[in-house]
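Novice: First the structure, then my questions, so here it is.
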Amino acid sequence: MTPPAIIWFRRDLRLSDHPALLAAADAGEVLPLFVLDDRLLKPSGEPRRRFLYDCLRALDHDLGGRLHIAHGDPEQVVPQVAAKIGAGSVHVSADTAPYGRERDERVQKALGDIEFVRTGSPYAVTPGRVRKQDGEPYRVFTPFRRAWLDHGWRQPAKSGVDSAQWISLKGKKIPAAKSEFPAGEAAALEAWQDFQDGPLADYDTGRDRPDRAGTSHLSAYLRWGCVHPRTLLADLKPGNETFRSELAWREFYADVLWHQPDTARQNYDRKFDKFQHDTGKTAQQRFQAWCEGKTGYPVVDAGMRQLLAENWMHNRVRMIVASFLVKDLHVPWWWGARHFMRHLIDGDLASNQHNWQWVAGCGTDAAPYFRIFNPITQGEKFDPNGDYVRKYVPELRGVQGKNVHKLDKLPEQYPAPVVDHAHERRESLDRYDAIRT
DNA sequence: TTTTGAGTTGTTCGA
DNA sequence: GTCGAACAACTCAAA
């Protein structure tokens, strides 16, 4: 009789299109396991933890209550559970982020003779696979995307696992939680269907309008693997290039982080190590105003308050508020990145850190450094009627139409601008100039 | 090796 | 209000 296998869930909280799960079930009986690891949970931020717990509850439901929850360091917990049921193998979908890689190596060692099998990853193309002709990783998105498309990926795996194959163990309870987002695989597939039925057709322009529901709202599900990008890619039609590119960006940044794990903290372009930031008392106060959505710039404040209210922010607005923090307040990008990671329900290390680096100018894009967002014109362009601003900034609800973007038309009780954009733009350009080689 | 073409998401200025 | 050019010139990828 074949010994049972463990499927250790991590960033793959679903049952369909799951190659690692199929690999585990191939051997016979399967114990589904999730480990609550404090080293991941503690820095996660409450919103993302709540979403995770809800996803686990959904997964447990889909498993007929058989998900085994353990709490502790996976290096100890996984071998313990394996020993308890006499498992012959532990199957996972590869975690390619810095901590996950290091943890998996420790767990593999601790498992000794028990097989540790990696099948697939949270990406259509596993990070590290797409290379230039000379074997080096790509440093620019567009050529990466071409090579990524040429590389291709497998079709979604259709078959599931026979319910008779599942085995269960008594374990910890999933911590109580209630997320503002519906969690789990079914919710992810429903969101995907809604997006295909609606906003996808007009995605090219619709995705830039925070006043409308023009984006997919799939980020949190992709973060936890409630749906695999391969599933999405298989459903896309020839006209959906822009959305496919967005998925490619996610893969690109995972690839970049895989090759250079230290770029989660350090500048990708090391000449920015000499860049002059503001970190003193005034900068801290301005940073605080930014966090609270009290900068006096309407679209910036709306975005920051949406983040606090919903633990999510529209992508266009993420760029606007990030540009404002880095280029108008001259605050280090990692302050903003950390704030995002604490509050975002979809916070993903690779996408978050590298999008911040892109905005800061120290990231993968070699585009001109003088690209500085104007928070007023961005608001006027992408929230033309002011609906987005009024939704999240109550002090401005009495201001009609596009006037919410005009600084001289705003009421007394709304904060005065923390800085003058034209002046700080000039200041940023001078500081970039100082590190040019 | 050298050369060539190209690079997510922008802003401002002046016609 | 709308449009094209200038910004300033670097780095990457591939022929």
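By order of appearance in the structure tokens: chains A, B, ..., then residues from 1 within every chain, and ligands from 1 in the order shown.
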Mind running chain A against chain C at 12 Å and telling me each contacting residue's nearest atom pair with the distance in Å (one decimal), counting only C-alpha atoms (C1' of nucleotides), chain and number ascending, as JSON lines?

Specialist:
{"residue": "A:Arg131", "atom": "CA", "partner": "C:DA13", "partner_atom": "C1'", "distance": 11.4}
{"residue": "A:Lys132", "atom": "CA", "partner": "C:DA13", "partner_atom": "C1'", "distance": 8.2}
{"residue": "A:Gln133", "atom": "CA", "partner": "C:DA14", "partner_atom": "C1'", "distance": 8.9}
{"residue": "A:Asp134", "atom": "CA", "partner": "C:DA13", "partner_atom": "C1'", "distance": 10.3}
{"residue": "A:Glu136", "atom": "CA", "partner": "C:DA13", "partner_atom": "C1'", "distance": 11.1}
{"residue": "A:Pro137", "atom": "CA", "partner": "C:DA13", "partner_atom": "C1'", "distance": 11.2}
{"residue": "A:Tyr138", "atom": "CA", "partner": "C:DC12", "partner_atom": "C1'", "distance": 8.7}
{"residue": "A:Arg139", "atom": "CA", "partner": "C:DC12", "partner_atom": "C1'", "distance": 7.2}
{"residue": "A:Val140", "atom": "CA", "partner": "C:DC12", "partner_atom": "C1'", "distance": 6.8}
{"residue": "A:Phe141", "atom": "CA", "partner": "C:DC12", "partner_atom": "C1'", "distance": 10.2}
{"residue": "A:Thr142", "atom": "CA", "partner": "C:DA13", "partner_atom": "C1'", "distance": 10.1}
{"residue": "A:Pro143", "atom": "CA", "partner": "C:DA13", "partner_atom": "C1'", "distance": 7.3}
{"residue": "A:Phe144", "atom": "CA", "partner": "C:DA13", "partner_atom": "C1'", "distance": 9.9}
{"residue": "A:Arg146", "atom": "CA", "partner": "C:DA13", "partner_atom": "C1'", "distance": 11.6}
{"residue": "A:Ala147", "atom": "CA", "partner": "C:DA13", "partner_atom": "C1'", "distance": 11.4}
{"residue": "A:Asp269", "atom": "CA", "partner": "C:DT11", "partner_atom": "C1'", "distance": 11.4}
{"residue": "A:Thr364", "atom": "CA", "partner": "C:DT11", "partner_atom": "C1'", "distance": 10.2}
{"residue": "A:Asp365", "atom": "CA", "partner": "C:DT11", "partner_atom": "C1'", "distance": 9.1}
{"residue": "A:Ala366", "atom": "CA", "partner": "C:DT11", "partner_atom": "C1'", "distance": 6.1}
{"residue": "A:Ala367", "atom": "CA", "partner": "C:DC10", "partner_atom": "C1'", "distance": 8.3}
{"residue": "A:Pro368", "atom": "CA", "partner": "C:DA8", "partner_atom": "C1'", "distance": 8.2}
{"residue": "A:Tyr369", "atom": "CA", "partner": "C:DA8", "partner_atom": "C1'", "distance": 9.7}
{"residue": "A:Phe370", "atom": "CA", "partner": "C:DC7", "partner_atom": "C1'", "distance": 7.9}
{"residue": "A:Arg371", "atom": "CA", "partner": "C:DC7", "partner_atom": "C1'", "distance": 9.7}
{"residue": "A:Ile372", "atom": "CA", "partner": "C:DC7", "partner_atom": "C1'", "distance": 11.9}
{"residue": "A:Leu429", "atom": "CA", "partner": "C:DC7", "partner_atom": "C1'", "distance": 11.4}
{"residue": "A:Asp433", "atom": "CA", "partner": "C:DA8", "partner_atom": "C1'", "distance": 10.7}
{"residue": "A:Arg436", "atom": "CA", "partner": "C:DC10", "partner_atom": "C1'", "distance": 9.6}
{"residue": "A:Thr437", "atom": "CA", "partner": "C:DC10", "partner_atom": "C1'", "distance": 9.5}

Novice: Could you save the residues just selected, with N, CA and C atoms, as a CSV table (one decimal), in the first residue's frame?

Specialist:
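To be explicit, this is the file written out as selection-v3.csv:
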chain,number,residue,atom,x,y,z
A,131,ARG,N,14.8,33.6,-20.1
A,131,ARG,CA,16.2,34.2,-20.1
A,131,ARG,C,16.5,34.8,-21.4
A,132,LYS,N,17.4,35.7,-21.4
A,132,LYS,CA,17.9,36.2,-22.7
A,132,LYS,C,18.8,35.1,-23.4
A,133,GLN,N,19.2,35.4,-24.6
A,133,GLN,CA,20.0,34.4,-25.3
A,133,GLN,C,21.3,34.1,-24.6
A,134,ASP,N,21.8,35.1,-23.9
A,134,ASP,CA,23.1,34.9,-23.2
A,134,ASP,C,22.9,34.3,-21.8
A,136,GLU,N,21.2,35.4,-19.3
A,136,GLU,CA,21.0,36.4,-18.2
A,136,GLU,C,19.5,36.8,-18.1
A,137,PRO,N,19.1,37.2,-17.0
A,137,PRO,CA,17.7,37.6,-16.8
A,137,PRO,C,17.4,38.9,-17.5
A,138,TYR,N,16.1,39.1,-17.9
A,138,TYR,CA,15.7,40.4,-18.6
A,138,TYR,C,15.7,41.5,-17.5
A,139,ARG,N,16.0,42.7,-18.0
A,139,ARG,CA,16.0,43.9,-17.1
A,139,ARG,C,14.9,44.9,-17.6
A,140,VAL,N,14.3,44.6,-18.8
A,140,VAL,CA,13.3,45.5,-19.4
A,140,VAL,C,12.1,44.7,-19.7
A,141,PHE,N,10.9,45.3,-19.4
A,141,PHE,CA,9.7,44.5,-19.5
A,141,PHE,C,9.3,44.0,-20.9
A,142,THR,N,9.3,44.9,-21.9
A,142,THR,CA,8.8,44.5,-23.2
A,142,THR,C,9.5,43.3,-23.8
A,143,PRO,N,10.8,43.3,-23.8
A,143,PRO,CA,11.5,42.0,-24.3
A,143,PRO,C,11.2,40.8,-23.4
A,144,PHE,N,11.1,41.0,-22.1
A,144,PHE,CA,10.7,39.9,-21.3
A,144,PHE,C,9.3,39.4,-21.7
A,146,ARG,N,7.8,39.4,-24.5
A,146,ARG,CA,7.9,38.7,-25.8
A,146,ARG,C,8.4,37.3,-25.5
A,147,ALA,N,9.5,37.2,-24.8
A,147,ALA,CA,10.1,35.9,-24.5
A,147,ALA,C,9.2,35.0,-23.7
A,269,ASP,N,18.5,49.7,-9.0
A,269,ASP,CA,19.6,50.5,-9.6
A,269,ASP,C,20.4,51.1,-8.4
A,364,THR,N,13.2,48.8,-12.7
A,364,THR,CA,13.7,48.1,-13.9
A,364,THR,C,13.5,49.0,-15.2
A,365,ASP,N,12.7,50.0,-15.2
A,365,ASP,CA,12.4,50.8,-16.4
A,365,ASP,C,13.5,51.8,-16.6
A,366,ALA,N,14.1,51.8,-17.8
A,366,ALA,CA,15.1,52.8,-18.1
A,366,ALA,C,14.5,54.1,-18.7
A,367,ALA,N,13.2,54.3,-18.5
A,367,ALA,CA,12.6,55.4,-19.1
A,367,ALA,C,13.1,56.7,-18.4
A,368,PRO,N,12.8,57.9,-19.0
A,368,PRO,CA,13.3,59.1,-18.5
A,368,PRO,C,12.9,59.3,-17.0
A,369,TYR,N,13.9,59.8,-16.3
A,369,TYR,CA,13.7,60.0,-14.8
A,369,TYR,C,12.7,61.2,-14.5
A,370,PHE,N,12.5,62.0,-15.6
A,370,PHE,CA,11.7,63.2,-15.3
A,370,PHE,C,10.2,62.9,-15.4
A,371,ARG,N,9.8,61.7,-15.4
A,371,ARG,CA,8.4,61.4,-15.4
A,371,ARG,C,7.9,61.5,-14.0
A,372,ILE,N,7.3,62.7,-13.7
A,372,ILE,CA,6.7,63.0,-12.4
A,372,ILE,C,5.2,63.3,-12.6
A,429,LEU,N,13.8,66.9,-9.7
A,429,LEU,CA,14.6,66.9,-10.9
A,429,LEU,C,16.1,67.2,-10.5
A,433,ASP,N,19.3,64.8,-10.9
A,433,ASP,CA,20.4,65.3,-11.6
A,433,ASP,C,21.7,65.0,-10.9
A,436,ARG,N,23.2,61.5,-11.4
A,436,ARG,CA,23.5,61.1,-12.8
A,436,ARG,C,24.9,60.8,-13.0
A,437,THR,N,25.2,59.8,-13.8
A,437,THR,CA,26.6,59.4,-13.9
A,437,THR,C,27.2,59.9,-15.3

Novice: Identify every residue of chain B that has at least one atom within 8 Å of any atom of chain A, counting only C-alpha atoms (C1' of nucleotides), and report the result as number ranges by chain.

Specialist: B: 7, 9-11

Novice: Those selected residues, please, written with N, CA and C atoms (P, O5', C5', C4', C3', O3' and C1' of nucleotides) and delivered as a CSV table (one decimal), in the first residue's frame.

Specialist:
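The result, written out as result_17.csv:
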chain,number,residue,atom,x,y,z
B,7,DG,P,9.2,50.2,-27.6
B,7,DG,O5',9.5,50.3,-26.0
B,7,DG,C5',10.3,49.2,-25.5
B,7,DG,C4',10.8,49.7,-24.1
B,7,DG,C3',9.8,50.6,-23.4
B,7,DG,O3',9.9,50.4,-22.0
B,7,DG,C1',11.7,51.8,-23.7
B,9,DT,P,5.4,54.7,-20.4
B,9,DT,O5',4.1,55.0,-19.6
B,9,DT,C5',2.9,55.0,-20.3
B,9,DT,C4',1.7,55.0,-19.3
B,9,DT,C3',1.8,56.2,-18.3
B,9,DT,O3',0.7,57.0,-18.4
B,9,DT,C1',1.1,54.1,-17.3
B,10,DG,P,1.0,58.5,-18.9
B,10,DG,O5',2.4,58.8,-18.2
B,10,DG,C5',2.6,59.0,-16.8
B,10,DG,C4',3.1,60.4,-16.5
B,10,DG,C3',2.1,61.5,-16.9
B,10,DG,O3',2.0,62.4,-15.8
B,10,DG,C1',4.1,61.9,-18.0
B,11,DT,P,1.1,63.7,-15.9
B,11,DT,O5',2.2,64.8,-16.3
B,11,DT,C5',3.3,65.0,-15.5
B,11,DT,C4',4.0,66.2,-15.9
B,11,DT,C3',3.1,67.5,-16.1
B,11,DT,O3',3.8,68.5,-15.4
B,11,DT,C1',4.3,67.0,-18.1

Novice: Take CA of His151 (chain A) and CA of Leu236 (chain A) and report the distance between them in Å, one decimal.

Specialist: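 CA of Leu236 (chain A) lies 17.2 Å from CA of His151 (chain A).
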
Novice: Name the residues of region 65-261 of chain A that fall into helix (DSSP H, G or I) according to DSSP on the backbone, using the chain letters and numbers of this document, as a VMD selection string.

Specialist: chain A and resid 74 to 85 98 to 111 141 to 151 163 to 165 185 to 197 199 to 206 219 to 224 229 to 235 241 to 259 261

Novice: Just the number, please: distance in Å from CA of Lys402 (chain A) to CA of Glu380 (chain A), one decimal.

Specialist: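 Rounded to one decimal, the two atoms are 6.9 Å apart.
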
Novice: Using DSSP on the backbone, list every residue of region 107-328 of chain A that comes out as strand (DSSP E or B), and give them as a ChimeraX atom specification.

Specialist: /A:115-118,166

Novice: If I take CA of Val117 (chain A) and CA of His91 (chain A), how far is one from the other in Å, to one decimal?

Specialist: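 For CA of Val117 (chain A) relative to CA of His91 (chain A), the distance reads 4.8 Å.
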
Novice: Leaving out Gly214 (chain A) and any residue of its chain fewer than 5 positions from it, which residues lie within 12 Å of it when counting only C-alpha atoms (C1' of nucleotides), given as a ChimeraX atom specification?

Specialist: /A:194-209,243,314-316,382

Novice: For Val404 (chain A), find every residue with an atom within 10 Å (counting only C-alpha atoms (C1' of nucleotides)), except residues of its own chain fewer than 2 positions away, and show them as a list of chain:residue names.

Specialist: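 Non-adjacent residues within range: A:Tyr297, A:Pro298, A:Val299, A:Ile376, A:Gly379, A:Glu380, A:Asp383, A:Pro384, A:Asn385, A:Gly386, A:Asp387, A:Tyr388, A:Val389, A:Arg390, A:Val393, A:Leu396, A:Arg397, A:Gly398, A:Val399, A:Gln400, A:Gly401, A:Lys402, A:Lys406, A:Leu407, A:Asp408, A:Lys409, A:Leu410, A:Pro411.
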
Novice: Taking C-alpha atoms for each residue, export the selection above as a tab-separated table (two decimals), in the first residue's frame.

Specialist:
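This went into selection_31.tsv:
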chain	number	residue	atom	x	y	z
A	297	TYR	CA	-4.26	67.09	-2.82
A	298	PRO	CA	-7.74	65.63	-3.44
A	299	VAL	CA	-6.98	62.57	-5.57
A	376	ILE	CA	-3.95	67.77	-10.12
A	379	GLY	CA	-7.13	63.77	-10.99
A	380	GLU	CA	-8.74	65.84	-13.73
A	383	ASP	CA	-11.58	61.26	-12.27
A	384	PRO	CA	-13.09	63.87	-14.60
A	385	ASN	CA	-16.32	64.39	-12.66
A	386	GLY	CA	-14.72	64.17	-9.24
A	387	ASP	CA	-16.88	61.22	-8.19
A	388	TYR	CA	-13.95	59.20	-6.90
A	389	VAL	CA	-12.69	62.05	-4.74
A	390	ARG	CA	-16.11	62.79	-3.28
A	393	VAL	CA	-13.18	62.52	1.05
A	396	LEU	CA	-15.29	67.63	-0.37
A	397	ARG	CA	-18.79	66.24	-0.91
A	398	GLY	CA	-20.20	69.73	-1.18
A	399	VAL	CA	-17.89	70.69	-4.06
A	400	GLN	CA	-19.52	70.29	-7.45
A	401	GLY	CA	-18.12	68.28	-10.36
A	402	LYS	CA	-14.53	68.71	-11.42
A	406	LYS	CA	-9.11	72.79	-8.11
A	407	LEU	CA	-7.09	73.75	-5.04
A	408	ASP	CA	-8.57	77.26	-4.92
A	409	LYS	CA	-12.15	75.95	-4.88
A	410	LEU	CA	-11.84	73.74	-1.80
A	411	PRO	CA	-13.59	74.41	1.54

Novice: When distances are computed from only C-alpha atoms, which of A:His259, A:Pro210, A:Pro122, A:Val77 shows the smallest separation from Arg106 (chain A)?

Specialist: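 Going through A:His259, A:Pro210, A:Pro122, A:Val77 one by one, the smallest distance to Arg106 (chain A) is for A:Val77.
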
Novice: Near region 15-18 of chain A, within 10 Å and counting only C-alpha atoms (C1' of nucleotides), which residues show up once chain neighbours fewer than 3 positions away are dropped, as a short mmCIF file (atom, residue, chain, number, x, y, z; two decimals) with C-alpha atoms, in the first residue's frame?

Specialist:
data_model
loop_
_atom_site.label_atom_id
_atom_site.label_comp_id
_atom_site.auth_asym_id
_atom_site.auth_seq_id
_atom_site.Cartn_x
_atom_site.Cartn_y
_atom_site.Cartn_z
CA ASP A 12 -2.27 28.11 -3.86
CA LEU A 21 -2.33 18.72 -5.80
CA LEU A 22 -2.73 16.31 -8.71
CA ALA A 23 0.85 15.13 -8.18
CA LEU A 59 -10.81 25.95 1.25
CA ASP A 62 -14.47 22.87 -0.27
CA LEU A 63 -12.53 20.02 1.33
CA VAL A 92 3.99 21.89 -2.80
CA SER A 93 3.60 24.53 -5.44
CA THR A 119 5.24 21.06 -8.88
CA GLY A 120 4.38 24.35 -10.55
CA SER A 121 4.36 27.80 -8.98
CA PRO A 122 1.95 30.72 -8.62
CA GLN A 155 -3.14 24.33 -20.38
CA PRO A 156 -5.14 24.45 -17.15
CA ALA A 157 -5.35 21.06 -15.46
CA LYS A 158 -9.00 20.00 -15.57
CA SER A 159 -9.35 16.92 -13.39
CA GLY A 160 -9.84 17.13 -9.66
CA VAL A 161 -9.23 14.83 -6.73
CA GLU A 185 -11.76 29.96 -4.95
CA GLY A 225 -3.66 31.45 -5.48
CA CYS A 226 -7.45 31.23 -5.23
CA VAL A 227 -7.15 31.28 -9.00
CA HIS A 228 -4.06 30.55 -11.09
CA PRO A 229 -3.00 33.05 -13.80
CA ARG A 230 -2.88 30.14 -16.24
CA THR A 231 -6.64 29.74 -15.81
#

Novice: Determine, counting only C-alpha atoms (C1' of nucleotides), which protein, DNA and RNA residues have an atom within 6 Å of an atom of region 41-52 of chain A; residues of the same chain fewer than 2 positions away are not included. Present the result as a list in words.

Specialist: Asp38, Arg39, Asp54, Cys55, Ala177, Ser179, Arg342 and Ile345 of chain A
